[in-house]
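Here the structure comes first, spelled out in structure tokens, and everything after it is commentary.
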Amino acid sequence: SDGLNHFIFSLQVYQLLTDLKQQRKESGKTKQSSGQQNLNTIMYETLKYISKTPCRYQSPETVREFLVAMKDHKLTK
């Protein structure tokens with residue numbers, strides 16, 4: 001269960017950061033405070049790391065389908 005929760009959490013973080021990155025790109029702001037620059041660095045590094053994990057290729061629908069398909073198997077650790 002911990003692995004699955006980690007996977008879902010990573011997917012959610014990936015989607016959130018990808019959306020924020022797109023919003024910032026669309027806003028077109030060029031001047032940023034040092035705090036904003038630090039946040040941008042954290043976002044960049046996090047996206048860089050998460051992009052190397054399988055969650056990059058997943059969607060909420062595929063996770064849901066997987067959970068439904070596995071439900072009857074009653075898997076444990």
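Residue names in the structure tokens use chain letters A, B, ... in the order shown, residue numbers from 1 in each chain, and ligand numbers from 1 in the order shown.
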Inset, instruction - Would you list, as number ranges by chain, the residues of chain A that end up in alpha helix (DSSP H) under DSSP run on this structure's backbone? - result: A: 2-27, 34-50, 60-71
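If you look at CA of Lys21 (chain A) and CA of Met43 (chain A), they are 8.2 Å away from each other.
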List as a PDB file with all heavy atoms, in the first residue's frame the protein and nucleic acid residues near region 34-41 of chain A, meaning an atom at most 12 Å away when only C-alpha atoms are counted, but skip any in the same chain fewer than 6 places from it.
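Done, and the output landed in selection_5.pdb:
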ATOM      1  N   LEU A  17       2.807  20.441 -10.411  1.00  0.00           N
ATOM      2  CA  LEU A  17       3.947  21.246 -10.843  1.00  0.00           C
ATOM      3  C   LEU A  17       3.922  21.522 -12.340  1.00  0.00           C
ATOM      4  O   LEU A  17       4.296  22.603 -12.783  1.00  0.00           O
ATOM      5  CB  LEU A  17       5.255  20.562 -10.444  1.00  0.00           C
ATOM      6  CG  LEU A  17       5.527  20.509  -8.939  1.00  0.00           C
ATOM      7  CD1 LEU A  17       6.833  19.781  -8.663  1.00  0.00           C
ATOM      8  CD2 LEU A  17       5.530  21.890  -8.326  1.00  0.00           C
ATOM      9  N   THR A  18       3.474  20.554 -13.115  1.00  0.00           N
ATOM     10  CA  THR A  18       3.357  20.756 -14.558  1.00  0.00           C
ATOM     11  C   THR A  18       2.329  21.851 -14.856  1.00  0.00           C
ATOM     12  O   THR A  18       2.564  22.721 -15.698  1.00  0.00           O
ATOM     13  CB  THR A  18       2.967  19.437 -15.256  1.00  0.00           C
ATOM     14  OG1 THR A  18       3.954  18.448 -14.941  1.00  0.00           O
ATOM     15  CG2 THR A  18       2.897  19.595 -16.749  1.00  0.00           C
ATOM     16  N   LEU A  20       1.404  24.310 -12.777  1.00  0.00           N
ATOM     17  CA  LEU A  20       1.959  25.589 -12.325  1.00  0.00           C
ATOM     18  C   LEU A  20       2.982  26.131 -13.314  1.00  0.00           C
ATOM     19  O   LEU A  20       3.007  27.332 -13.598  1.00  0.00           O
ATOM     20  CB  LEU A  20       2.617  25.427 -10.945  1.00  0.00           C
ATOM     21  CG  LEU A  20       1.678  25.319  -9.760  1.00  0.00           C
ATOM     22  CD1 LEU A  20       2.461  24.979  -8.495  1.00  0.00           C
ATOM     23  CD2 LEU A  20       0.897  26.608  -9.569  1.00  0.00           C
ATOM     24  N   LYS A  21       3.805  25.245 -13.831  1.00  0.00           N
ATOM     25  CA  LYS A  21       4.809  25.653 -14.816  1.00  0.00           C
ATOM     26  C   LYS A  21       4.132  26.245 -16.056  1.00  0.00           C
ATOM     27  O   LYS A  21       4.556  27.281 -16.568  1.00  0.00           O
ATOM     28  CB  LYS A  21       5.664  24.444 -15.194  1.00  0.00           C
ATOM     29  CG  LYS A  21       6.767  24.756 -16.158  1.00  0.00           C
ATOM     30  CD  LYS A  21       7.573  23.492 -16.440  1.00  0.00           C
ATOM     31  CE  LYS A  21       8.591  23.732 -17.521  1.00  0.00           C
ATOM     32  NZ  LYS A  21       9.322  22.509 -17.849  1.00  0.00           N
ATOM     33  N   ARG A  24       2.659  29.715 -15.284  1.00  0.00           N
ATOM     34  CA  ARG A  24       3.694  30.752 -15.219  1.00  0.00           C
ATOM     35  C   ARG A  24       4.199  31.114 -16.603  1.00  0.00           C
ATOM     36  O   ARG A  24       4.497  32.263 -16.876  1.00  0.00           O
ATOM     37  CB  ARG A  24       4.841  30.281 -14.338  1.00  0.00           C
ATOM     38  CG  ARG A  24       4.426  30.275 -12.903  1.00  0.00           C
ATOM     39  CD  ARG A  24       5.520  29.915 -12.009  1.00  0.00           C
ATOM     40  NE  ARG A  24       5.020  29.977 -10.649  1.00  0.00           N
ATOM     41  CZ  ARG A  24       5.744  29.816  -9.596  1.00  0.00           C
ATOM     42  NH1 ARG A  24       7.026  29.575  -9.731  1.00  0.00           N
ATOM     43  NH2 ARG A  24       5.211  29.876  -8.408  1.00  0.00           N
ATOM     44  N   LYS A  25       4.283  30.118 -17.453  1.00  0.00           N
ATOM     45  CA  LYS A  25       4.734  30.370 -18.822  1.00  0.00           C
ATOM     46  C   LYS A  25       3.718  31.261 -19.536  1.00  0.00           C
ATOM     47  O   LYS A  25       4.074  32.190 -20.249  1.00  0.00           O
ATOM     48  CB  LYS A  25       4.887  29.047 -19.569  1.00  0.00           C
ATOM     49  CG  LYS A  25       5.486  29.191 -20.955  1.00  0.00           C
ATOM     50  CD  LYS A  25       5.547  27.860 -21.663  1.00  0.00           C
ATOM     51  CE  LYS A  25       6.732  27.069 -21.195  1.00  0.00           C
ATOM     52  NZ  LYS A  25       6.965  25.858 -21.997  1.00  0.00           N
ATOM     53  N   LEU A  47      10.452  18.503 -10.644  1.00  0.00           N
ATOM     54  CA  LEU A  47       9.953  17.987 -11.930  1.00  0.00           C
ATOM     55  C   LEU A  47      11.010  17.140 -12.632  1.00  0.00           C
ATOM     56  O   LEU A  47      10.692  16.105 -13.223  1.00  0.00           O
ATOM     57  CB  LEU A  47       9.527  19.133 -12.844  1.00  0.00           C
ATOM     58  CG  LEU A  47       8.102  19.619 -12.665  1.00  0.00           C
ATOM     59  CD1 LEU A  47       7.866  20.882 -13.478  1.00  0.00           C
ATOM     60  CD2 LEU A  47       7.105  18.554 -13.044  1.00  0.00           C
ATOM     61  N   LYS A  48      12.257  17.567 -12.555  1.00  0.00           N
ATOM     62  CA  LYS A  48      13.354  16.812 -13.169  1.00  0.00           C
ATOM     63  C   LYS A  48      13.436  15.413 -12.560  1.00  0.00           C
ATOM     64  O   LYS A  48      13.568  14.429 -13.278  1.00  0.00           O
ATOM     65  CB  LYS A  48      14.663  17.577 -12.960  1.00  0.00           C
ATOM     66  CG  LYS A  48      15.873  16.960 -13.580  1.00  0.00           C
ATOM     67  CD  LYS A  48      17.072  17.872 -13.343  1.00  0.00           C
ATOM     68  CE  LYS A  48      18.377  17.150 -13.559  1.00  0.00           C
ATOM     69  NZ  LYS A  48      19.523  17.995 -13.216  1.00  0.00           N
TER      70      LYS A  48
END
Inset, instruction - Can you pull out every residue within 9 Å of region 11-13 of chain A, counting only C-alpha atoms, but drop anything in the same chain fewer than 3 positions away, and send it as a list in words? - result: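 My list of contacting residues is His6, Phe7, Ile8, Leu16, Leu17, Thr18, Thr46, Leu47, Ile50, Pro54, Cys55, Arg56, Gln58, Ser59 and Pro60 of chain A.
Distance-wise, CA of Lys52 (chain A) and CA of Gln15 (chain A) end up 14.0 Å apart.
Going from CA of Asp19 (chain A) to CA of Glu65 (chain A) covers 23.1 Å.
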